file upload35.csv (CSV, C-alpha atoms and all ligand atoms)
chain,number,residue,atom,x,y,z
A,1,MET,CA,122.6,146.7,95.9
A,2,TYR,CA,123.4,146.5,99.6
A,3,GLN,CA,126.9,147.4,100.9
A,4,GLN,CA,127.1,144.5,103.3
A,5,MET,CA,126.3,140.8,102.9
A,6,LYS,CA,126.2,137.7,105.0
A,7,ALA,CA,128.9,135.1,104.3
A,8,ILE,CA,130.5,132.0,105.7
A,9,VAL,CA,134.1,132.9,106.4
A,10,TYR,CA,137.1,130.8,107.4
A,11,LYS,CA,139.7,133.0,109.1
A,12,GLY,CA,142.5,130.4,109.2
A,13,THR,CA,141.8,128.9,112.6
A,14,PRO,CA,141.1,125.1,112.2
A,15,GLY,CA,137.7,124.1,113.3
A,16,VAL,CA,136.2,127.6,113.2
A,17,LYS,CA,133.9,129.1,110.5
A,18,GLU,CA,131.7,132.1,111.1
A,19,LEU,CA,128.6,133.7,109.5
A,20,LEU,CA,129.8,137.3,109.2
A,21,SER,CA,128.7,140.5,107.6
A,22,ILE,CA,131.3,141.6,105.1
A,23,PRO,CA,131.4,144.0,102.1
A,24,VAL,CA,129.6,143.0,98.9
A,25,PRO,CA,132.2,142.3,96.2
A,26,THR,CA,132.6,144.6,93.2
A,27,ILE,CA,134.0,144.2,89.7
A,28,GLN,CA,137.8,144.3,89.8
A,29,ALA,CA,138.7,143.3,86.3
A,30,ALA,CA,136.9,143.8,83.0
A,31,THR,CA,136.3,140.1,82.7
A,32,ASP,CA,134.6,139.8,86.1
A,33,ALA,CA,130.9,139.3,86.9
A,34,VAL,CA,129.3,139.7,90.3
A,35,VAL,CA,126.5,137.2,90.9
A,36,LYS,CA,123.8,137.4,93.4
A,37,LEU,CA,123.4,133.9,94.8
A,38,SER,CA,120.0,132.1,94.7
A,39,TYR,CA,121.3,128.6,95.8
A,40,THR,CA,124.5,127.2,97.1
A,41,THR,CA,125.7,124.0,98.8
A,42,ILE,CA,128.5,122.6,101.0
A,43,CYS,CA,131.2,120.3,99.7
A,44,GLY,CA,133.6,117.8,101.5
A,45,SER,CA,136.4,120.2,100.5
A,46,ASP,CA,134.9,123.0,102.6
A,47,LEU,CA,135.1,120.6,105.6
A,48,HIS,CA,138.7,119.8,104.6
A,49,ILE,CA,139.5,123.6,104.6
A,50,ILE,CA,137.8,124.1,108.0
A,51,SER,CA,139.8,121.2,109.5
A,52,GLY,CA,143.0,123.1,108.4
A,53,HIS,CA,143.9,120.4,105.8
A,54,VAL,CA,144.2,122.6,102.8
A,55,ALA,CA,147.7,124.1,103.0
A,56,ASP,CA,147.5,126.8,100.3
A,57,MET,CA,144.2,128.2,101.6
A,58,GLN,CA,144.2,132.0,101.4
A,59,LYS,CA,144.2,133.5,104.9
A,60,PRO,CA,143.1,135.2,107.0
A,61,LEU,CA,139.6,135.8,105.6
A,62,THR,CA,138.0,133.7,102.9
A,63,VAL,CA,134.4,133.1,102.1
A,64,LEU,CA,133.9,129.4,101.6
A,65,GLY,CA,132.1,127.6,98.8
A,66,HIS,CA,132.6,126.8,95.1
A,67,GLU,CA,129.2,125.8,94.0
A,68,GLY,CA,126.1,127.9,93.3
A,69,ILE,CA,123.4,129.2,91.1
A,70,GLY,CA,122.5,132.9,90.9
A,71,ILE,CA,121.6,136.0,88.9
A,72,VAL,CA,124.2,138.2,87.3
A,73,GLU,CA,124.2,141.5,89.2
A,74,SER,CA,126.9,143.4,87.3
A,75,ILE,CA,129.5,142.7,84.6
A,76,GLY,CA,132.9,144.1,83.6
A,77,ASP,CA,133.3,145.8,80.1
A,78,LYS,CA,134.9,142.7,78.5
A,79,VAL,CA,132.2,140.2,79.5
A,80,SER,CA,130.3,139.3,76.3
A,81,ASN,CA,128.5,136.0,77.0
A,82,PHE,CA,126.3,137.3,79.9
A,83,LYS,CA,124.2,140.3,80.8
A,84,VAL,CA,122.8,141.6,84.0
A,85,GLY,CA,119.8,139.5,85.0
A,86,ASP,CA,120.9,136.2,83.5
A,87,LYS,CA,120.4,133.1,85.6
A,88,VAL,CA,123.7,131.3,85.8
A,89,LEU,CA,125.4,128.2,87.1
A,90,ILE,CA,128.7,128.8,88.7
A,91,SER,CA,131.4,126.3,87.9
A,92,CYS,CA,133.8,125.3,90.7
A,93,ILE,CA,136.6,125.8,88.2
A,94,THR,CA,137.5,129.3,87.0
A,95,SER,CA,138.9,129.2,83.4
A,96,CYS,CA,140.5,132.1,81.5
A,97,GLY,CA,139.9,130.2,78.3
A,98,SER,CA,143.1,131.2,76.6
A,99,CYS,CA,146.1,129.9,78.6
A,100,VAL,CA,148.0,126.8,77.6
A,101,TYR,CA,146.1,124.6,80.1
A,102,CYS,CA,142.7,125.9,79.2
A,103,LYS,CA,143.5,125.3,75.5
A,104,LYS,CA,144.4,121.7,76.4
A,105,GLY,CA,141.1,121.1,78.3
A,106,LEU,CA,142.9,121.2,81.6
A,107,GLN,CA,140.9,124.0,83.1
A,108,SER,CA,141.8,122.8,86.6
A,109,HIS,CA,145.3,124.0,85.9
A,110,CYS,CA,144.3,127.4,84.4
A,111,MET,CA,147.2,129.8,84.9
A,112,ASP,CA,144.7,132.4,86.1
A,113,GLY,CA,142.0,130.2,87.6
A,114,GLY,CA,141.4,126.6,88.4
A,115,TRP,CA,139.9,125.8,91.8
A,116,ILE,CA,140.2,129.3,93.3
A,117,LEU,CA,136.6,130.0,94.5
A,118,GLY,CA,136.3,129.6,98.2
A,119,HIS,CA,140.0,128.6,98.3
A,120,ASN,CA,142.2,131.4,97.0
A,121,ILE,CA,139.4,134.0,96.5
A,122,ASN,CA,136.1,134.5,98.2
A,123,GLY,CA,133.5,131.9,97.3
A,124,THR,CA,129.8,131.2,96.9
A,125,GLN,CA,128.6,130.7,100.5
A,126,ALA,CA,127.6,134.4,100.5
A,127,GLU,CA,124.8,136.6,99.2
A,128,TYR,CA,127.1,137.8,96.4
A,129,VAL,CA,130.3,136.4,94.7
A,130,ARG,CA,132.7,137.9,92.2
A,131,ILE,CA,133.5,135.5,89.4
A,132,PRO,CA,136.7,136.1,87.5
A,133,HIS,CA,136.8,135.2,83.7
A,134,ALA,CA,133.0,135.1,83.8
A,135,ASP,CA,132.7,134.2,80.1
A,136,ASN,CA,134.3,130.8,80.6
A,137,SER,CA,133.4,130.1,84.2
A,138,LEU,CA,129.6,130.5,84.2
A,139,TYR,CA,126.8,128.8,82.3
A,140,ASN,CA,123.6,130.5,81.2
A,141,ILE,CA,120.8,128.2,82.6
A,142,LYS,CA,117.8,130.4,82.0
A,143,ARG,CA,116.5,128.1,79.3
A,144,TYR,CA,116.2,125.2,81.7
A,145,GLU,CA,113.8,127.1,84.0
A,146,GLY,CA,110.8,124.9,84.5
A,147,SER,CA,112.3,121.9,82.7
A,148,ILE,CA,115.3,121.0,85.0
A,149,LYS,CA,115.1,121.3,88.8
A,150,ASP,CA,117.5,123.8,90.4
A,151,GLU,CA,118.6,120.9,92.7
A,152,ALA,CA,119.8,119.0,89.6
A,153,LEU,CA,121.5,122.1,88.1
A,154,LEU,CA,123.3,122.8,91.4
A,155,MET,CA,125.0,119.3,91.2
A,156,LEU,CA,126.7,120.5,88.0
A,157,SER,CA,128.9,123.1,89.9
A,158,ASP,CA,131.2,120.3,91.1
A,159,ILE,CA,130.2,116.8,92.1
A,160,LEU,CA,128.6,115.6,88.9
A,161,PRO,CA,131.5,116.8,86.7
A,162,THR,CA,133.9,115.3,89.2
A,163,GLY,CA,132.2,111.9,89.2
A,164,ASN,CA,131.9,112.0,85.5
A,165,GLU,CA,135.4,113.3,84.5
A,166,MET,CA,137.6,112.0,87.1
A,167,GLY,CA,135.6,108.7,87.5
A,168,ALA,CA,133.7,107.6,84.4
A,169,VAL,CA,135.7,109.4,81.7
A,170,ASN,CA,139.1,108.8,83.2
A,171,GLY,CA,138.2,105.2,83.7
A,172,ARG,CA,137.2,105.1,80.0
A,173,ILE,CA,134.1,103.1,80.7
A,174,ASP,CA,133.0,101.1,77.7
A,175,ARG,CA,129.6,99.5,77.0
A,176,GLY,CA,129.5,96.2,78.8
A,177,ASP,CA,132.3,97.0,81.3
A,178,VAL,CA,132.1,96.0,85.0
A,179,VAL,CA,132.8,99.0,87.2
A,180,ALA,CA,133.6,99.1,90.9
A,181,ILE,CA,133.4,102.3,92.8
A,182,VAL,CA,135.1,102.5,96.2
A,183,GLY,CA,133.4,105.1,98.4
A,184,CYS,CA,129.7,105.9,98.4
A,185,GLY,CA,129.7,109.5,99.4
A,186,SER,CA,128.3,112.3,97.2
A,187,VAL,CA,131.3,111.9,94.9
A,188,GLY,CA,131.0,108.1,94.7
A,189,ILE,CA,127.3,108.3,94.0
A,190,SER,CA,128.0,111.0,91.3
A,191,ALA,CA,130.5,108.7,89.7
A,192,LEU,CA,127.8,105.9,89.9
A,193,ILE,CA,125.1,107.9,88.1
A,194,ALA,CA,127.6,109.3,85.6
A,195,SER,CA,129.0,105.8,84.9
A,196,LYS,CA,125.5,104.4,84.2
A,197,THR,CA,125.3,106.7,81.2
A,198,TYR,CA,128.2,104.8,79.5
A,199,ASP,CA,126.2,101.6,79.5
A,200,PRO,CA,128.3,99.3,81.8
A,201,LYS,CA,127.2,95.8,82.4
A,202,SER,CA,127.3,96.2,86.2
A,203,VAL,CA,128.4,98.7,88.8
A,204,ILE,CA,129.5,97.5,92.2
A,205,MET,CA,129.6,100.0,95.1
A,206,ILE,CA,131.9,99.5,98.1
A,207,ASP,CA,131.6,101.3,101.4
A,208,PHE,CA,131.4,100.6,105.2
A,209,ASP,CA,128.2,102.5,105.4
A,210,ASP,CA,125.2,100.2,104.8
A,211,GLU,CA,122.8,103.1,104.7
A,212,ARG,CA,124.7,104.7,101.8
A,213,LEU,CA,125.0,101.3,100.0
A,214,LYS,CA,121.2,100.9,100.4
A,215,VAL,CA,120.6,104.3,98.8
A,216,ALA,CA,123.1,103.5,96.0
A,217,LYS,CA,121.2,100.4,95.2
A,218,GLU,CA,117.6,101.5,95.7
A,219,PHE,CA,117.8,105.0,94.3
A,220,PHE,CA,120.8,105.2,92.0
A,221,GLY,CA,120.9,101.8,90.3
A,222,ALA,CA,124.0,100.1,91.8
A,223,ASP,CA,123.9,96.4,90.7
A,224,TYR,CA,125.9,95.1,93.7
A,225,VAL,CA,126.9,96.6,97.0
A,226,LEU,CA,129.8,95.3,99.2
A,227,ASN,CA,130.6,96.3,102.8
A,228,PRO,CA,134.3,95.6,103.5
A,229,GLY,CA,133.4,95.4,107.2
A,230,LYS,CA,131.3,92.3,106.5
A,231,VAL,CA,132.7,90.6,103.4
A,232,ASN,CA,136.1,90.0,101.8
A,233,VAL,CA,135.8,92.5,99.0
A,234,LYS,CA,138.4,91.0,96.7
A,235,GLU,CA,136.9,87.5,97.0
A,236,GLU,CA,133.4,88.8,96.4
A,237,ILE,CA,134.5,90.8,93.4
A,238,MET,CA,136.3,87.7,91.9
A,239,LYS,CA,133.0,85.8,92.4
A,240,ILE,CA,130.9,88.5,90.8
A,241,THR,CA,133.2,89.0,87.9
A,242,SER,CA,133.6,85.3,87.2
A,243,GLU,CA,129.8,85.0,87.2
A,244,LEU,CA,129.7,88.0,84.8
A,245,ASN,CA,132.2,86.0,82.7
A,246,ILE,CA,135.3,88.2,83.1
A,247,GLN,CA,138.2,85.7,82.7
A,248,SER,CA,141.9,85.8,82.9
A,249,ARG,CA,144.9,83.5,82.2
A,250,GLU,CA,145.8,81.1,84.9
A,251,GLY,CA,147.8,82.6,87.7
A,252,LEU,CA,146.3,86.1,87.2
A,253,ASP,CA,143.3,87.3,89.1
A,254,ALA,CA,140.5,88.7,86.9
A,255,GLY,CA,138.4,91.4,88.5
A,256,VAL,CA,136.7,94.6,87.2
A,257,ASP,CA,137.4,96.6,84.0
A,258,VAL,CA,137.2,99.9,85.8
A,259,ALA,CA,137.9,100.7,89.5
A,260,ILE,CA,137.1,104.2,90.6
A,261,GLU,CA,138.5,105.4,94.0
A,262,CYS,CA,136.3,108.0,95.7
A,263,VAL,CA,137.6,108.1,99.3
A,264,GLY,CA,141.2,109.3,99.3
A,265,ILE,CA,143.0,106.9,101.7
A,266,PRO,CA,145.7,104.3,101.0
A,267,ALA,CA,143.4,101.3,101.9
A,268,THR,CA,140.8,102.2,99.2
A,269,PHE,CA,143.5,102.8,96.5
A,270,GLN,CA,144.8,99.4,97.5
A,271,THR,CA,141.4,97.9,97.0
A,272,CYS,CA,141.4,99.3,93.4
A,273,GLN,CA,144.8,97.6,92.8
A,274,ASP,CA,143.5,94.3,94.2
A,275,ILE,CA,140.4,94.1,92.1
A,276,ILE,CA,141.5,95.4,88.7
A,277,ALA,CA,141.4,92.9,85.7
A,278,PRO,CA,144.0,92.7,83.0
A,279,GLY,CA,143.6,95.7,80.7
A,280,GLY,CA,141.6,97.6,83.3
A,281,ARG,CA,141.7,101.2,84.3
A,282,ILE,CA,142.0,102.7,87.8
A,283,ALA,CA,140.6,106.2,88.1
A,284,ASN,CA,141.5,108.0,91.3
A,285,VAL,CA,139.1,110.7,92.4
A,286,GLY,CA,139.8,110.9,96.1
A,287,VAL,CA,142.1,113.6,97.5
A,288,HIS,CA,145.0,111.9,99.2
A,289,GLY,CA,146.8,113.4,102.2
A,290,VAL,CA,149.4,110.7,102.8
A,291,LYS,CA,151.7,108.5,100.8
A,292,VAL,CA,150.1,105.6,99.0
A,293,ASP,CA,151.8,102.4,97.9
A,294,LEU,CA,151.8,101.4,94.2
A,295,GLN,CA,152.0,97.6,93.8
A,296,LEU,CA,153.8,97.7,90.5
A,297,GLN,CA,155.3,94.3,91.1
A,298,ASP,CA,151.8,92.8,90.6
A,299,LEU,CA,150.4,95.4,88.3
A,300,TRP,CA,153.1,95.7,85.6
A,301,ILE,CA,152.0,92.6,83.8
A,302,LYS,CA,148.3,93.4,83.9
A,303,ASN,CA,148.3,96.1,81.2
A,304,ILE,CA,146.4,98.5,83.4
A,305,GLN,CA,146.2,102.3,83.3
A,306,ILE,CA,145.9,104.7,86.2
A,307,ALA,CA,144.4,108.1,85.9
A,308,THR,CA,144.4,110.9,88.4
A,309,GLY,CA,143.3,114.5,88.5
A,310,LEU,CA,141.4,117.5,89.7
A,311,VAL,CA,138.0,118.1,88.0
A,312,ASN,CA,138.2,120.4,84.9
A,313,ALA,CA,134.4,120.9,84.8
A,314,ASN,CA,134.5,120.9,81.0
A,315,THR,CA,131.9,118.2,80.6
A,316,THR,CA,129.2,120.3,82.1
A,317,PRO,CA,127.5,121.0,78.7
A,318,ASP,CA,127.4,117.3,78.0
A,319,LEU,CA,126.0,116.6,81.4
A,320,LEU,CA,123.4,119.3,80.9
A,321,LYS,CA,122.2,117.6,77.7
A,322,LYS,CA,122.0,114.2,79.5
A,323,ILE,CA,119.9,115.8,82.3
A,324,GLU,CA,117.7,117.5,79.7
A,325,SER,CA,117.1,114.2,77.9
A,326,GLY,CA,116.3,112.4,81.1
A,327,GLU,CA,119.4,110.1,80.9
A,328,LEU,CA,120.7,111.6,84.1
A,329,GLU,CA,118.7,112.6,87.1
A,330,PRO,CA,121.0,114.1,89.8
A,331,SER,CA,118.5,116.0,91.9
A,332,ARG,CA,118.1,113.0,94.2
A,333,LEU,CA,121.6,113.7,95.5
A,334,VAL,CA,120.0,116.6,97.4
A,335,THR,CA,118.7,115.1,100.7
A,336,HIS,CA,118.3,118.2,102.8
A,337,HIS,CA,117.0,121.8,102.2
A,338,PHE,CA,117.8,124.8,104.3
A,339,LYS,CA,117.5,128.6,104.1
A,340,PHE,CA,120.9,130.3,103.9
A,341,SER,CA,120.2,131.8,107.3
A,342,GLU,CA,120.4,128.2,108.6
A,343,VAL,CA,123.8,127.6,107.0
A,344,LEU,CA,125.5,126.7,110.3
A,345,LYS,CA,122.9,124.1,111.0
A,346,ALA,CA,123.4,122.8,107.5
A,347,TYR,CA,127.1,122.5,108.1
A,348,GLU,CA,126.4,120.3,111.2
A,349,VAL,CA,124.1,118.0,109.2
A,350,PHE,CA,126.6,117.7,106.4
A,351,LYS,CA,129.5,117.1,108.8
A,352,ASN,CA,127.5,114.2,110.3
A,353,SER,CA,126.3,113.1,106.9
A,354,SER,CA,126.3,109.4,107.7
A,355,GLN,CA,124.1,109.6,110.8
A,356,GLU,CA,121.9,112.3,109.2
A,357,LYS,CA,121.5,110.3,106.0
A,358,CYS,CA,122.7,113.3,104.1
A,359,ILE,CA,124.3,113.3,100.7
A,360,LYS,CA,124.1,116.9,99.6
A,361,VAL,CA,122.4,120.0,101.2
A,362,PHE,CA,120.6,122.7,99.2
A,363,LEU,CA,120.8,126.2,100.6
A,364,GLU,CA,118.3,128.8,99.4
A,365,PHE,CA,118.9,132.5,99.7
A,366,ASP,CA,116.1,135.0,100.4
A,367,GLN,CA,115.4,136.8,97.1
A,401,LIG,N1,139.6,114.9,92.2
A,401,LIG,C1,138.7,115.8,92.4
A,401,LIG,O1,138.6,116.7,91.5
A,401,LIG,C2,137.8,115.8,93.6
A,401,LIG,C3,136.7,116.7,93.6
A,401,LIG,C4,135.8,116.6,94.7
A,401,LIG,C5,136.1,115.7,95.7
A,401,LIG,N2,137.1,114.9,95.7
A,401,LIG,C6,137.4,113.9,96.7
A,401,LIG,O2,136.6,112.8,96.6
A,401,LIG,C7,136.6,112.1,97.8
A,401,LIG,C8,135.1,111.7,98.2
A,401,LIG,O3,134.4,112.9,98.4
A,401,LIG,P1,132.9,112.8,99.2
A,401,LIG,O4,132.5,114.2,99.3
A,401,LIG,O5,132.1,111.8,98.5
A,401,LIG,O6,133.4,112.2,100.6
A,401,LIG,P2,132.5,111.5,101.7
A,401,LIG,O7,133.3,111.6,103.0
A,401,LIG,O8,131.1,112.0,101.7
A,401,LIG,O9,132.5,110.0,101.3
A,401,LIG,C9,133.5,109.1,101.5
A,401,LIG,C10,132.9,107.7,101.7
A,401,LIG,O10,134.0,106.8,101.8
A,401,LIG,C11,133.6,105.8,102.7
A,401,LIG,N3,134.8,105.1,103.2
A,401,LIG,C12,135.7,105.5,104.1
A,401,LIG,N4,136.7,104.6,104.3
A,401,LIG,C13,136.4,103.6,103.5
A,401,LIG,C14,137.0,102.3,103.1
A,401,LIG,N5,138.1,102.0,103.8
A,401,LIG,N6,136.4,101.5,102.2
A,401,LIG,C15,135.3,101.9,101.6
A,401,LIG,N7,134.7,103.1,101.8
A,401,LIG,C16,135.2,103.9,102.8
A,401,LIG,C17,132.9,106.5,103.8
A,401,LIG,O11,132.0,105.7,104.5
A,401,LIG,C18,132.1,107.5,103.0
A,401,LIG,O12,130.8,107.1,102.6
A,401,LIG,C19,137.3,113.0,98.8
A,401,LIG,O13,138.6,112.6,99.0
A,401,LIG,C20,137.2,114.3,98.1
A,401,LIG,O14,138.2,115.2,98.6
A,401,LIG,C21,138.0,114.9,94.6
A,402,ZN,ZN,133.8,120.6,95.9
A,403,ZN,ZN,143.4,129.4,81.6

call {"tool": "encode", "arguments": {"input": "upload35.csv", "output": "structure tokens"}}
result
Amino acid sequence: MYQQMKAIVYKGTPGVKELLSIPVPTIQAATDAVVKLSYTTICGSDLHIISGHVADMQKPLTVLGHEGIGIVESIGDKVSNFKVGDKVLISCITSCGSCVYCKKGLQSHCMDGGWILGHNINGTQAEYVRIPHADNSLYNIKRYEGSIKDEALLMLSDILPTGNEMGAVNGRIDRGDVVAIVGCGSVGISALIASKTYDPKSVIMIDFDDERLKVAKEFFGADYVLNPGKVNVKEEIMKITSELNIQSREGLDAGVDVAIECVGIPATFQTCQDIIAPGGRIANVGVHGVKVDLQLQDLWIKNIQIATGLVNANTTPDLLKKIESGELEPSRLVTHHFKFSEVLKAYEVFKNSSQEKCIKVFLEFDQ
């Protein structure tokens, strides 16, 4: 193993990230594994960190990234589920497996983990990464070699569990439901493809970006797409849902059974409140930076539920099964391939994702 490695580092100065040579990580606790990365990707959260919007970011020197696939390079004495040489998927959520939150299935709040990779400890945009609590934070994916594309597997580190858990599962989508998803970025599209596996009657995608809406409809099976810059979303949804036979008592608007917010601004949460039918569920996925109004004076009578959260990444085994059976095909989320040596270029493309028609980038390390 080399002593130095290349890594994308954020030093705490907003707007600046650097490709630096830093020491290769080593085992620090008996439950750690060190993984040699084969593939990684960039997430919107990495852009948030670089913009200086993530207040509790460890400074002054953190390797970014919380998604990846790699090969186990070394393990601590207490790691029992993995051995050196195993091909593993790295979860964006580190889980000790034994604290009160892990036991409740709230791994995102693990007392010794949660979202720490590329946030509070060095992450996956590097040739090697140290994974604490390896037994509960990695998945052995060797058996999928040749049957599931690495592009599809990489989507399981973060965005597919996020779209599934915080969107489809929290929205409790039932067979025959009408679902609206506000925001058609990689998380919104992940919520769309996850939602389709729960057999909804229709999924409506809402975004200002016509190109993304087109992709959602043509490649990912959205039934309706609405651009709020061109149509009145509330009126259109009421038309669509009344055509789909969702009714309500006089004086109350009908609307969708499930509204999934995948942007993270007040206007899009407001849209969800405007379009939810009686008995409906609003699932908030977006990360909000400012205060958002809750229209309880209109909503109290509608028997709705609102769910929020940070992904727990505990549905990954279910999602793997759905990919294996062909029910889910997330590899199309990858629109751009780069070598890791081109990571700065990949960041530029991802940052300008709308113009570049980019959903997710796939970064490959030299082996
Ligand atoms: N809860 C979690 O665990 C979790 C995990 C990952 C990401 N997220 C959050 O999910 C959100 C989406 O992530 P992403 O990577 O897909 O972001 P993105 O920026 O790629 O996509 C957001 C989309 O929203 C659209 N948009 C902006 N304003 C709009 C409006 N007023 N109406 C309709 N659409 C609008 C944009 O055109 C864009 O297509 C972010 O807030 C991100 O931080 C949450
Ligand atoms: Zn992420
Ligand atoms: Zn825990």

call {"tool": "residues_near_ligand", "arguments": {"input": "upload35.csv", "ligand": "ligand LIG 401 (chain A)", "cutoff": "8 Å", "atoms": "all atoms listed in the file", "output": "PyMOL selection string"}}
result
chain A and resi 43-45+48+158-159+162-163+166+182-189+206-209+212+227-228+261-265+267-268+284-288+308-312+353-354+359

call {"tool": "residues_near_ligand", "arguments": {"input": "upload35.csv", "ligand": "ligand ZN 403 (chain A)", "cutoff": "9 Å", "atoms": "all atoms listed in the file", "output": "list in words"}}
result
Thr94, Ser95, Cys96, Gly97, Ser98, Cys99, Val100, Tyr101, Cys102, Lys103, Leu106, Gln107, Ser108, His109, Cys110, Met111, Asp112, Gly113 and Gly114 of chain A

call {"tool": "closest_residue", "arguments": {"input": "upload35.csv", "among": "A:Ala222, A:Leu156, A:Cys272, A:Ala254", "to": "ligand ZN 402 (chain A)", "atoms": "only C-alpha atoms and all ligand atoms"}}
result
A:Leu156

call {"tool": "atom_distance", "arguments": {"input": "upload35.csv", "atom1": "CA of Ala259 (chain A)", "atom2": "CA of Val203 (chain A)"}}
result
9.7 Å

call {"tool": "residues_near_point", "arguments": {"input": "upload35.csv", "point": "(148.3, 98.9, 81.7)", "cutoff": "12 Å", "atoms": "all atoms listed in the file", "output": "list in words"}}
result
Asp257, Val258, Gln273, Ile276, Ala277, Pro278, Gly279, Gly280, Arg281, Ile282, Leu296, Asp298, Leu299, Trp300, Ile301, Lys302, Asn303, Ile304, Gln305, Ile306 and Ala307 of chain A

call {"tool": "atom_distance", "arguments": {"input": "upload35.csv", "atom1": "CA of Pro132 (chain A)", "atom2": "CA of Asn164 (chain A)"}}
result
24.7 Å

call {"tool": "residues_near_point", "arguments": {"input": "upload35.csv", "point": "(123.8, 124.0, 91.3)", "cutoff": "8 Å", "atoms": "all atoms listed in the file", "output": "PyMOL selection string"}}
result
chain A and resi 39-41+67-69+89-90+150-157

call {"tool": "atom_distance", "arguments": {"input": "upload35.csv", "atom1": "CA of Met238 (chain A)", "atom2": "CA of Ile260 (chain A)"}}
result
16.6 Å

call {"tool": "closest_residue", "arguments": {"input": "upload35.csv", "among": "A:Asn81, A:Thr124, A:Thr13, A:Gln3", "to": "ligand ZN 402 (chain A)", "atoms": "only C-alpha atoms and all ligand atoms"}}
result
A:Thr124

call {"tool": "closest_residue", "arguments": {"input": "upload35.csv", "among": "A:Leu20, A:Leu117, A:Val79, A:Val34", "to": "ligand ZN 402 (chain A)", "atoms": "only C-alpha atoms and all ligand atoms"}}
result
A:Leu117

call {"tool": "closest_residue", "arguments": {"input": "upload35.csv", "among": "A:Glu218, A:Asp366, A:Asp274, A:Glu327", "to": "Ser341 (chain A)", "atoms": "only C-alpha atoms"}}
result
A:Asp366

call {"tool": "closest_residue", "arguments": {"input": "upload35.csv", "among": "A:Ala313, A:Met205, A:Leu138, A:Leu294", "to": "ligand ZN 402 (chain A)", "atoms": "all atoms listed in the file"}}
result
A:Ala313

call {"tool": "residues_around", "arguments": {"input": "upload35.csv", "residues": "Ile42 (chain A)", "least_positions_apart": "3", "cutoff": "10 Å", "atoms": "all atoms listed in the file", "output": "PyMOL selection string"}}
result
chain A and resi 45-47+64-68+124-125+343+346-347+350-351+360-363

call {"tool": "write_last_selection", "arguments": {"input": "upload35.csv", "atoms": "C-alpha atoms", "output": "tab-separated table (two decimals), in the frame of the given file"}}
result
chain	number	residue	atom	x	y	z
A	45	SER	CA	136.40	120.20	100.50
A	46	ASP	CA	134.90	123.00	102.60
A	47	LEU	CA	135.10	120.60	105.60
A	64	LEU	CA	133.90	129.40	101.60
A	65	GLY	CA	132.10	127.60	98.80
A	66	HIS	CA	132.60	126.80	95.10
A	67	GLU	CA	129.20	125.80	94.00
A	68	GLY	CA	126.10	127.90	93.30
A	124	THR	CA	129.80	131.20	96.90
A	125	GLN	CA	128.60	130.70	100.50
A	343	VAL	CA	123.80	127.60	107.00
A	346	ALA	CA	123.40	122.80	107.50
A	347	TYR	CA	127.10	122.50	108.10
A	350	PHE	CA	126.60	117.70	106.40
A	351	LYS	CA	129.50	117.10	108.80
A	360	LYS	CA	124.10	116.90	99.60
A	361	VAL	CA	122.40	120.00	101.20
A	362	PHE	CA	120.60	122.70	99.20
A	363	LEU	CA	120.80	126.20	100.60

call {"tool": "residues_around", "arguments": {"input": "upload35.csv", "residues": "Pro266 (chain A)", "least_positions_apart": "5", "cutoff": "9 Å", "atoms": "only C-alpha atoms", "output": "PyMOL selection string"}}
result
chain A and resi 271+288+290-293

call {"tool": "closest_residue", "arguments": {"input": "upload35.csv", "among": "A:Ile323, A:Ala30, A:Val16, A:Ile121", "to": "Asp56 (chain A)", "atoms": "all atoms listed in the file"}}
result
A:Ile121

call {"tool": "residues_around", "arguments": {"input": "upload35.csv", "residues": "Glu127 (chain A)", "least_positions_apart": "2", "cutoff": "6 Å", "atoms": "only C-alpha atoms", "output": "number ranges by chain"}}
result
A: 5, 36-37

call {"tool": "build_atoms", "arguments": {"input": "upload35.csv", "residues": "region 195-202 of chain A", "atoms": "N, CA and C atoms", "output": "PDB file, in the coordinates of the input"}}
result
ATOM      1  N   SER A 195     128.544 107.019  85.564  1.00  0.00           N
ATOM      2  CA  SER A 195     129.000 105.800  84.900  1.00  0.00           C
ATOM      3  C   SER A 195     127.855 105.065  84.208  1.00  0.00           C
ATOM      4  N   LYS A 196     126.659 105.098  84.816  1.00  0.00           N
ATOM      5  CA  LYS A 196     125.500 104.400  84.200  1.00  0.00           C
ATOM      6  C   LYS A 196     125.200 104.893  82.808  1.00  0.00           C
ATOM      7  N   THR A 197     125.580 106.163  82.514  1.00  0.00           N
ATOM      8  CA  THR A 197     125.300 106.700  81.200  1.00  0.00           C
ATOM      9  C   THR A 197     126.202 106.159  80.106  1.00  0.00           C
ATOM     10  N   TYR A 198     127.246 105.423  80.498  1.00  0.00           N
ATOM     11  CA  TYR A 198     128.200 104.800  79.500  1.00  0.00           C
ATOM     12  C   TYR A 198     127.843 103.353  79.273  1.00  0.00           C
ATOM     13  N   ASP A 199     126.697 102.922  79.800  1.00  0.00           N
ATOM     14  CA  ASP A 199     126.200 101.600  79.500  1.00  0.00           C
ATOM     15  C   ASP A 199     127.079 100.431  80.014  1.00  0.00           C
ATOM     16  N   PRO A 200     127.529 100.473  81.248  1.00  0.00           N
ATOM     17  CA  PRO A 200     128.300  99.300  81.800  1.00  0.00           C
ATOM     18  C   PRO A 200     127.408  98.138  81.998  1.00  0.00           C
ATOM     19  N   LYS A 201     128.037  96.953  82.087  1.00  0.00           N
ATOM     20  CA  LYS A 201     127.200  95.800  82.400  1.00  0.00           C
ATOM     21  C   LYS A 201     126.759  95.816  83.820  1.00  0.00           C
ATOM     22  N   SER A 202     127.660  96.191  84.734  1.00  0.00           N
ATOM     23  CA  SER A 202     127.300  96.200  86.200  1.00  0.00           C
ATOM     24  C   SER A 202     128.158  97.276  86.869  1.00  0.00           C
TER      25      SER A 202
END
